[in-house]
file coords29.cif (mmCIF, C-alpha atoms)
data_target
#
loop_
_atom_site.group_PDB
_atom_site.id
_atom_site.type_symbol
_atom_site.label_atom_id
_atom_site.label_comp_id
_atom_site.auth_asym_id
_atom_site.auth_seq_id
_atom_site.Cartn_x
_atom_site.Cartn_y
_atom_site.Cartn_z
ATOM 1 C CA MET A 163 81.304 156.177 110.284
ATOM 2 C CA SER A 164 81.282 153.372 107.710
ATOM 3 C CA ASP A 165 84.416 154.764 106.028
ATOM 4 C CA ALA A 166 86.563 154.495 109.180
ATOM 5 C CA PRO A 167 89.643 152.286 108.871
ATOM 6 C CA GLY A 168 88.858 148.655 109.537
ATOM 7 C CA MET A 169 85.136 149.159 109.040
ATOM 8 C CA PRO A 170 83.391 147.841 105.933
ATOM 9 C CA HIS A 171 81.911 150.417 103.609
ATOM 10 C CA GLU A 172 78.112 150.338 103.791
ATOM 11 C CA ASP A 173 77.937 149.465 100.067
ATOM 12 C CA ALA A 174 80.437 146.615 100.407
ATOM 13 C CA PRO A 175 78.931 143.212 99.682
ATOM 14 C CA LYS A 176 78.209 141.198 102.793
ATOM 15 C CA GLU A 177 79.625 137.691 102.965
ATOM 16 C CA SER A 178 76.963 135.105 103.710
ATOM 17 C CA PRO A 179 77.650 132.595 106.475
ATOM 18 C CA GLN A 180 77.740 129.850 103.818
ATOM 19 C CA VAL A 181 80.431 131.662 101.785
ATOM 20 C CA SER A 182 82.367 132.455 104.931
ATOM 21 C CA GLY A 183 82.210 128.777 105.951
ATOM 22 C CA LYS A 184 83.461 127.687 102.520
ATOM 23 C CA ARG A 185 86.375 130.119 102.717
ATOM 24 C CA ARG A 186 87.267 128.914 106.222
ATOM 25 C CA ARG A 187 87.198 125.314 105.040
ATOM 26 C CA ALA A 188 89.323 126.181 101.974
ATOM 27 C CA ALA A 189 91.808 127.898 104.303
ATOM 28 C CA ALA A 190 91.806 124.776 106.505
ATOM 29 C CA ARG A 191 92.634 122.609 103.478
ATOM 30 C CA LEU A 192 95.525 124.870 102.532
ATOM 31 C CA ALA A 193 96.815 124.855 106.120
ATOM 32 C CA SER A 194 96.432 121.060 106.258
ATOM 33 C CA VAL A 195 98.591 120.602 103.174
ATOM 34 C CA GLN A 196 101.197 122.994 104.568
ATOM 35 C CA ALA A 197 101.178 121.244 107.962
ATOM 36 C CA LEU A 198 101.462 117.772 106.408
ATOM 37 C CA TYR A 199 104.336 119.079 104.294
ATOM 38 C CA GLN A 200 106.083 120.349 107.449
ATOM 39 C CA MET A 201 105.607 117.008 109.149
ATOM 40 C CA ASP A 202 106.978 115.149 106.121
ATOM 41 C CA VAL A 203 109.953 117.390 105.288
ATOM 42 C CA ALA A 204 110.966 118.749 108.692
ATOM 43 C CA GLY A 205 109.995 115.656 110.659
ATOM 44 C CA LYS A 206 107.840 117.681 113.051
ATOM 45 C CA GLY A 207 105.344 115.864 115.239
ATOM 46 C CA VAL A 208 101.605 116.356 115.017
ATOM 47 C CA ASN A 209 101.257 118.291 118.279
ATOM 48 C CA GLU A 210 104.097 120.639 117.352
ATOM 49 C CA VAL A 211 102.658 121.316 113.899
ATOM 50 C CA LEU A 212 99.108 121.852 115.150
ATOM 51 C CA ALA A 213 100.309 124.284 117.806
ATOM 52 C CA GLU A 214 102.548 126.127 115.343
ATOM 53 C CA PHE A 215 99.862 126.546 112.704
ATOM 54 C CA GLU A 216 97.092 127.452 115.113
ATOM 55 C CA THR A 217 99.270 129.995 116.922
ATOM 56 C CA HIS A 218 101.506 131.493 114.236
ATOM 57 C CA TRP A 219 99.955 130.909 110.804
ATOM 58 C CA ILE A 220 96.190 130.524 110.635
ATOM 59 C CA GLY A 221 94.519 133.935 110.671
ATOM 60 C CA GLN A 222 97.871 135.716 111.099
ATOM 61 C CA GLU A 223 100.063 137.939 108.969
ATOM 62 C CA VAL A 224 103.372 136.250 108.160
ATOM 63 C CA GLU A 225 106.052 138.036 106.129
ATOM 64 C CA GLY A 226 103.500 140.458 104.719
ATOM 65 C CA VAL A 227 101.025 137.743 103.740
ATOM 66 C CA GLU A 228 97.658 137.661 105.496
ATOM 67 C CA TYR A 229 96.575 134.068 106.127
ATOM 68 C CA GLU A 230 92.820 133.616 106.281
ATOM 69 C CA GLN A 231 91.088 132.335 109.359
ATOM 70 C CA ALA A 232 90.487 128.607 108.927
ATOM 71 C CA ASP A 233 87.966 126.159 110.285
ATOM 72 C CA LEU A 234 90.237 124.829 113.038
ATOM 73 C CA GLU A 235 88.118 121.781 113.799
ATOM 74 C CA PHE A 236 88.194 120.769 110.128
ATOM 75 C CA PHE A 237 91.963 121.430 109.986
ATOM 76 C CA ARG A 238 92.551 119.146 112.999
ATOM 77 C CA ARG A 239 90.274 116.428 111.589
ATOM 78 C CA VAL A 240 92.104 116.372 108.258
ATOM 79 C CA ILE A 241 95.508 116.131 109.959
ATOM 80 C CA SER A 242 94.428 113.423 112.425
ATOM 81 C CA GLY A 243 92.509 111.575 109.707
ATOM 82 C CA VAL A 244 95.521 111.506 107.416
ATOM 83 C CA LEU A 245 97.701 110.200 110.221
ATOM 84 C CA SER A 246 95.287 107.421 111.130
ATOM 85 C CA GLU A 247 94.705 106.401 107.487
ATOM 86 C CA GLN A 248 98.137 107.203 105.997
ATOM 87 C CA VAL A 249 99.237 103.664 105.131
ATOM 88 C CA GLU A 250 96.043 102.949 103.213
ATOM 89 C CA LEU A 251 95.949 106.433 101.631
ATOM 90 C CA ASP A 252 99.531 106.038 100.410
ATOM 91 C CA ARG A 253 98.767 102.573 99.049
ATOM 92 C CA ALA A 254 95.751 103.902 97.120
ATOM 93 C CA ALA A 255 97.750 106.817 95.655
ATOM 94 C CA ASN A 256 100.665 104.535 94.727
ATOM 95 C CA LYS A 257 98.284 102.286 92.813
ATOM 96 C CA LEU A 258 97.194 105.249 90.675
ATOM 97 C CA LEU A 259 100.580 106.878 90.083
ATOM 98 C CA SER A 260 102.717 106.064 87.068
ATOM 99 C CA GLU A 261 104.901 102.974 87.211
ATOM 100 C CA GLY A 262 108.287 103.873 88.643
ATOM 101 C CA TRP A 263 106.995 106.971 90.471
ATOM 102 C CA PRO A 264 105.739 105.792 93.838
ATOM 103 C CA LEU A 265 104.431 108.337 96.299
ATOM 104 C CA ARG A 266 107.734 108.435 98.186
ATOM 105 C CA ARG A 267 109.509 109.704 95.020
ATOM 106 C CA ILE A 268 107.231 112.619 94.220
ATOM 107 C CA GLU A 269 107.439 116.150 95.614
ATOM 108 C CA ALA A 270 106.407 116.518 99.274
ATOM 109 C CA VAL A 271 103.640 119.051 98.511
ATOM 110 C CA MET A 272 102.094 116.569 96.102
ATOM 111 C CA ARG A 273 102.247 113.826 98.743
ATOM 112 C CA ALA A 274 100.537 116.120 101.242
ATOM 113 C CA ILE A 275 97.793 116.942 98.730
ATOM 114 C CA PHE A 276 97.189 113.285 97.856
ATOM 115 C CA ARG A 277 97.010 112.371 101.529
ATOM 116 C CA ALA A 278 94.670 115.186 102.601
ATOM 117 C CA ALA A 279 92.370 114.843 99.597
ATOM 118 C CA GLY A 280 92.478 111.056 99.872
ATOM 119 C CA TYR A 281 91.361 111.253 103.486
ATOM 120 C CA GLU A 282 88.424 113.494 102.587
ATOM 121 C CA LEU A 283 87.412 111.332 99.647
ATOM 122 C CA LYS A 284 87.583 108.173 101.737
ATOM 123 C CA LYS A 285 86.108 109.339 105.037
ATOM 124 C CA ARG A 286 84.168 112.574 104.509
ATOM 125 C CA LYS A 287 81.216 111.385 102.440
ATOM 126 C CA ASP A 288 79.318 114.489 103.586
ATOM 127 C CA ILE A 289 81.506 116.562 101.238
ATOM 128 C CA PRO A 290 80.895 116.018 97.500
ATOM 129 C CA ALA A 291 83.868 114.428 95.738
ATOM 130 C CA ARG A 292 83.950 117.148 93.080
ATOM 131 C CA VAL A 293 84.258 119.796 95.813
ATOM 132 C CA VAL A 294 87.198 117.938 97.366
ATOM 133 C CA ILE A 295 88.939 117.592 93.999
ATOM 134 C CA THR A 296 88.402 121.238 93.061
ATOM 135 C CA GLU A 297 89.617 122.541 96.418
ATOM 136 C CA TYR A 298 92.827 120.486 96.396
ATOM 137 C CA VAL A 299 93.529 121.263 92.735
ATOM 138 C CA ASP A 300 93.281 124.930 93.729
ATOM 139 C CA VAL A 301 95.773 124.317 96.555
ATOM 140 C CA ALA A 302 98.080 122.540 94.098
ATOM 141 C CA ALA A 303 97.899 125.476 91.677
ATOM 142 C CA ALA A 304 99.289 127.753 94.391
ATOM 143 C CA PHE A 305 102.471 125.679 94.688
ATOM 144 C CA LEU A 306 103.041 123.589 91.583
ATOM 145 C CA ALA A 307 103.527 123.816 87.822
ATOM 146 C CA LYS A 308 100.597 123.347 85.441
ATOM 147 C CA GLU A 309 101.645 119.792 84.475
ATOM 148 C CA GLU A 310 101.828 118.705 88.120
ATOM 149 C CA VAL A 311 98.438 120.286 88.832
ATOM 150 C CA GLY A 312 97.005 118.319 85.895
ATOM 151 C CA MET A 313 98.474 115.104 87.274
ATOM 152 C CA ILE A 314 96.994 115.817 90.703
ATOM 153 C CA ASN A 315 93.596 116.443 89.126
ATOM 154 C CA ALA A 316 93.765 113.149 87.208
ATOM 155 C CA VAL A 317 94.884 111.092 90.217
ATOM 156 C CA LEU A 318 92.273 112.656 92.521
ATOM 157 C CA ASP A 319 89.568 112.031 89.918
ATOM 158 C CA LYS A 320 90.532 108.331 89.745
ATOM 159 C CA LEU A 321 90.740 108.133 93.524
ATOM 160 C CA ALA A 322 87.292 109.707 93.862
ATOM 161 C CA ARG A 323 85.855 107.210 91.394
ATOM 162 C CA ASP A 324 87.407 104.360 93.411
ATOM 163 C CA TYR A 325 86.114 105.609 96.763
ATOM 164 C CA ARG A 326 82.790 107.047 95.562
ATOM 165 C CA ALA A 327 81.737 105.418 92.341
ATOM 166 C CA SER A 328 78.087 106.235 93.049
ATOM 167 C CA GLU A 329 78.774 109.974 92.753
ATOM 168 C CA PHE A 330 80.006 109.481 89.196
ATOM 169 C CA ALA A 331 77.376 107.022 87.930
#
call {"tool": "encode", "arguments": {"input": "coords29.cif", "output": "structure tokens"}}
result
Amino acid sequence: MSDAPGMPHEDAPKESPQVSGKRRRAAARLASVQALYQMDVAGKGVNEVLAEFETHWIGQEVEGVEYEQADLEFFRRVISGVLSEQVELDRAANKLLSEGWPLRRIEAVMRAIFRAAGYELKKRKDIPARVVITEYVDVAAAFLAKEEVGMINAVLDKLARDYRASEFA
């Protein structure tokens, strides 16, 4: 019965718990950026955004797109962490951005990425800096042009070196 609809084929590769956990965390990062964007652009409150994403987006099919199941605890921690650290995170990103282009002047998706990645780099020392950078550069690539993705990579690299110099020694 392995060929029944919805059942994996017996020869299909099995996903290890570690890979599954990485995918759920990557999905949580994507959802975090989207939620922070919604809060920034639409002015939605944290409780409204968390409820909306957890009920209608994460792990659901929306307009023909299947959104992966995310690590909800990680998603909530990133959102709450950004909110509690936002002033300092914005200050750190502003310091690294080009003169004349403060964080408030750049695209909202980029702001959301800098904030979420900045939070992880500052507070989640249990996650290697290079993993954080790679994951958020991947999120950026889904939404932004190549030049913007390159800028995000450069800023996150500098931010990581500021917050975690020992990882780059």
call {"tool": "closest_residue", "arguments": {"input": "coords29.cif", "among": "A:Arg323, A:Met272, A:Val293, A:Glu329", "to": "Ala307 (chain A)", "atoms": "all atoms listed in the file"}}
result
A:Met272
call {"tool": "atom_distance", "arguments": {"input": "coords29.cif", "atom1": "CA of Asp319 (chain A)", "atom2": "CA of Gly243 (chain A)"}}
result
20.0 Å
call {"tool": "resolve_selection", "arguments": {"input": "coords29.cif", "expression": "the PyMOL selection byres ((chain A and resi 280) around 12)", "output": "PyMOL selection string"}}
result
chain A and resi 195+240-241+243-245+247-256+258+272-279+281-287+291+294-295+298+314+317-326
call {"tool": "resolve_selection", "arguments": {"input": "coords29.cif", "expression": "the PyMOL selection byres ((chain A and resi 232-237) around 6)", "output": "compact mmCIF listing (two decimals) with C-alpha atoms, in the frame of the given file"}}
result
# COMPACT_ATOMS: atom_id res chain seq x y z
CA ARG A 186 87.27 128.91 106.22
CA ARG A 187 87.20 125.31 105.04
CA ALA A 189 91.81 127.90 104.30
CA ALA A 190 91.81 124.78 106.50
CA SER A 194 96.43 121.06 106.26
CA GLN A 231 91.09 132.34 109.36
CA ARG A 238 92.55 119.15 113.00
CA ARG A 239 90.27 116.43 111.59
CA VAL A 240 92.10 116.37 108.26
call {"tool": "resolve_selection", "arguments": {"input": "coords29.cif", "expression": "the PyMOL selection byres ((chain A and resi 215) around 10)", "output": "MDAnalysis selection string"}}
result
chainID A and resid 193:194 196:197 210:214 216:222 234 237
call {"tool": "closest_residue", "arguments": {"input": "coords29.cif", "among": "A:Ser328, A:Tyr229, A:Leu192, A:Gly207", "to": "Asp300 (chain A)", "atoms": "all atoms listed in the file"}}
result
A:Leu192
call {"tool": "closest_residue", "arguments": {"input": "coords29.cif", "among": "A:Gly205, A:Val271, A:Ala316, A:Val299", "to": "Leu259 (chain A)", "atoms": "only C-alpha atoms"}}
result
A:Ala316
call {"tool": "closest_residue", "arguments": {"input": "coords29.cif", "among": "A:Ala327, A:Gly183, A:Ala188, A:Ala270", "to": "Phe305 (chain A)", "atoms": "all atoms listed in the file"}}
result
A:Ala270
call {"tool": "closest_residue", "arguments": {"input": "coords29.cif", "among": "A:Arg185, A:Lys257, A:Arg266, A:Arg292", "to": "Asp202 (chain A)", "atoms": "all atoms listed in the file"}}
result
A:Arg266
call {"tool": "atom_distance", "arguments": {"input": "coords29.cif", "atom1": "CA of Val203 (chain A)", "atom2": "CA of Arg267 (chain A)"}}
result
12.8 Å
call {"tool": "atom_distance", "arguments": {"input": "coords29.cif", "atom1": "CA of Asp288 (chain A)", "atom2": "CA of Leu265 (chain A)"}}
result
26.9 Å
call {"tool": "closest_residue", "arguments": {"input": "coords29.cif", "among": "A:Val208, A:Arg191, A:Tyr199, A:Val224", "to": "Thr296 (chain A)", "atoms": "only C-alpha atoms"}}
result
A:Arg191
call {"tool": "build_atoms", "arguments": {"input": "coords29.cif", "residues": "region 204-235 of chain A", "atoms": "N, CA and C atoms", "output": "PDB file, in the frame of the given file"}}
result
ATOM      1  N   ALA A 204     110.199 118.332 107.513  1.00  0.00           N
ATOM      2  CA  ALA A 204     110.966 118.749 108.692  1.00  0.00           C
ATOM      3  C   ALA A 204     110.905 117.719 109.819  1.00  0.00           C
ATOM      4  N   GLY A 205     110.094 116.689 109.640  1.00  0.00           N
ATOM      5  CA  GLY A 205     109.995 115.656 110.659  1.00  0.00           C
ATOM      6  C   GLY A 205     109.338 116.125 111.947  1.00  0.00           C
ATOM      7  N   LYS A 206     108.520 117.167 111.853  1.00  0.00           N
ATOM      8  CA  LYS A 206     107.840 117.681 113.051  1.00  0.00           C
ATOM      9  C   LYS A 206     106.695 116.756 113.445  1.00  0.00           C
ATOM     10  N   GLY A 207     106.437 116.674 114.733  1.00  0.00           N
ATOM     11  CA  GLY A 207     105.344 115.864 115.239  1.00  0.00           C
ATOM     12  C   GLY A 207     104.012 116.577 115.104  1.00  0.00           C
ATOM     13  N   VAL A 208     102.944 115.816 115.217  1.00  0.00           N
ATOM     14  CA  VAL A 208     101.605 116.356 115.017  1.00  0.00           C
ATOM     15  C   VAL A 208     101.277 117.461 116.015  1.00  0.00           C
ATOM     16  N   ASN A 209     101.585 117.266 117.281  1.00  0.00           N
ATOM     17  CA  ASN A 209     101.257 118.291 118.279  1.00  0.00           C
ATOM     18  C   ASN A 209     102.027 119.575 118.022  1.00  0.00           C
ATOM     19  N   GLU A 210     103.284 119.458 117.651  1.00  0.00           N
ATOM     20  CA  GLU A 210     104.097 120.639 117.352  1.00  0.00           C
ATOM     21  C   GLU A 210     103.542 121.398 116.150  1.00  0.00           C
ATOM     22  N   VAL A 211     103.183 120.677 115.115  1.00  0.00           N
ATOM     23  CA  VAL A 211     102.658 121.316 113.899  1.00  0.00           C
ATOM     24  C   VAL A 211     101.300 121.964 114.153  1.00  0.00           C
ATOM     25  N   LEU A 212     100.420 121.261 114.854  1.00  0.00           N
ATOM     26  CA  LEU A 212      99.108 121.852 115.150  1.00  0.00           C
ATOM     27  C   LEU A 212      99.270 123.134 115.954  1.00  0.00           C
ATOM     28  N   ALA A 213     100.093 123.093 116.968  1.00  0.00           N
ATOM     29  CA  ALA A 213     100.309 124.284 117.806  1.00  0.00           C
ATOM     30  C   ALA A 213     100.916 125.420 116.984  1.00  0.00           C
ATOM     31  N   GLU A 214     101.893 125.099 116.160  1.00  0.00           N
ATOM     32  CA  GLU A 214     102.548 126.127 115.343  1.00  0.00           C
ATOM     33  C   GLU A 214     101.562 126.786 114.389  1.00  0.00           C
ATOM     34  N   PHE A 215     100.789 125.991 113.682  1.00  0.00           N
ATOM     35  CA  PHE A 215      99.862 126.546 112.704  1.00  0.00           C
ATOM     36  C   PHE A 215      98.733 127.316 113.369  1.00  0.00           C
ATOM     37  N   GLU A 216      98.205 126.789 114.450  1.00  0.00           N
ATOM     38  CA  GLU A 216      97.092 127.452 115.113  1.00  0.00           C
ATOM     39  C   GLU A 216      97.524 128.735 115.815  1.00  0.00           C
ATOM     40  N   THR A 217      98.773 128.819 116.213  1.00  0.00           N
ATOM     41  CA  THR A 217      99.270 129.995 116.922  1.00  0.00           C
ATOM     42  C   THR A 217      99.902 131.028 115.991  1.00  0.00           C
ATOM     43  N   HIS A 218     100.674 130.573 115.016  1.00  0.00           N
ATOM     44  CA  HIS A 218     101.506 131.493 114.236  1.00  0.00           C
ATOM     45  C   HIS A 218     101.121 131.660 112.769  1.00  0.00           C
ATOM     46  N   TRP A 219     100.254 130.824 112.224  1.00  0.00           N
ATOM     47  CA  TRP A 219      99.955 130.909 110.804  1.00  0.00           C
ATOM     48  C   TRP A 219      98.493 131.236 110.522  1.00  0.00           C
ATOM     49  N   ILE A 220      97.611 130.382 110.980  1.00  0.00           N
ATOM     50  CA  ILE A 220      96.190 130.524 110.635  1.00  0.00           C
ATOM     51  C   ILE A 220      95.640 131.837 111.192  1.00  0.00           C
ATOM     52  N   GLY A 221      95.101 132.654 110.281  1.00  0.00           N
ATOM     53  CA  GLY A 221      94.519 133.935 110.671  1.00  0.00           C
ATOM     54  C   GLY A 221      95.534 135.009 111.031  1.00  0.00           C
ATOM     55  N   GLN A 222      96.803 134.769 110.739  1.00  0.00           N
ATOM     56  CA  GLN A 222      97.871 135.716 111.099  1.00  0.00           C
ATOM     57  C   GLN A 222      98.496 136.318 109.842  1.00  0.00           C
ATOM     58  N   GLU A 223      99.258 137.368 110.051  1.00  0.00           N
ATOM     59  CA  GLU A 223     100.063 137.939 108.969  1.00  0.00           C
ATOM     60  C   GLU A 223     101.485 137.441 109.162  1.00  0.00           C
ATOM     61  N   VAL A 224     102.020 136.793 108.118  1.00  0.00           N
ATOM     62  CA  VAL A 224     103.372 136.250 108.160  1.00  0.00           C
ATOM     63  C   VAL A 224     104.119 136.774 106.944  1.00  0.00           C
ATOM     64  N   GLU A 225     105.213 137.480 107.200  1.00  0.00           N
ATOM     65  CA  GLU A 225     106.052 138.036 106.129  1.00  0.00           C
ATOM     66  C   GLU A 225     105.223 138.806 105.103  1.00  0.00           C
ATOM     67  N   GLY A 226     104.305 139.606 105.585  1.00  0.00           N
ATOM     68  CA  GLY A 226     103.500 140.458 104.719  1.00  0.00           C
ATOM     69  C   GLY A 226     102.320 139.771 104.055  1.00  0.00           C
ATOM     70  N   VAL A 227     102.138 138.482 104.318  1.00  0.00           N
ATOM     71  CA  VAL A 227     101.025 137.743 103.740  1.00  0.00           C
ATOM     72  C   VAL A 227      99.992 137.495 104.834  1.00  0.00           C
ATOM     73  N   GLU A 228      98.755 137.852 104.546  1.00  0.00           N
ATOM     74  CA  GLU A 228      97.658 137.661 105.496  1.00  0.00           C
ATOM     75  C   GLU A 228      97.037 136.283 105.256  1.00  0.00           C
ATOM     76  N   TYR A 229      97.166 135.394 106.228  1.00  0.00           N
ATOM     77  CA  TYR A 229      96.575 134.068 106.127  1.00  0.00           C
ATOM     78  C   TYR A 229      95.148 134.125 106.660  1.00  0.00           C
ATOM     79  N   GLU A 230      94.231 133.570 105.887  1.00  0.00           N
ATOM     80  CA  GLU A 230      92.820 133.616 106.281  1.00  0.00           C
ATOM     81  C   GLU A 230      92.560 132.758 107.507  1.00  0.00           C
ATOM     82  N   GLN A 231      91.530 133.130 108.222  1.00  0.00           N
ATOM     83  CA  GLN A 231      91.088 132.335 109.359  1.00  0.00           C
ATOM     84  C   GLN A 231      90.525 131.026 108.809  1.00  0.00           C
ATOM     85  N   ALA A 232      90.902 129.922 109.403  1.00  0.00           N
ATOM     86  CA  ALA A 232      90.487 128.607 108.927  1.00  0.00           C
ATOM     87  C   ALA A 232      89.535 127.960 109.917  1.00  0.00           C
ATOM     88  N   ASP A 233      88.810 126.994 109.441  1.00  0.00           N
ATOM     89  CA  ASP A 233      87.966 126.159 110.285  1.00  0.00           C
ATOM     90  C   ASP A 233      88.914 125.223 111.032  1.00  0.00           C
ATOM     91  N   LEU A 234      89.231 125.566 112.273  1.00  0.00           N
ATOM     92  CA  LEU A 234      90.237 124.829 113.038  1.00  0.00           C
ATOM     93  C   LEU A 234      89.831 123.384 113.309  1.00  0.00           C
ATOM     94  N   GLU A 235      88.572 123.155 113.564  1.00  0.00           N
ATOM     95  CA  GLU A 235      88.118 121.781 113.799  1.00  0.00           C
ATOM     96  C   GLU A 235      88.337 120.930 112.547  1.00  0.00           C
TER      97      GLU A 235
END
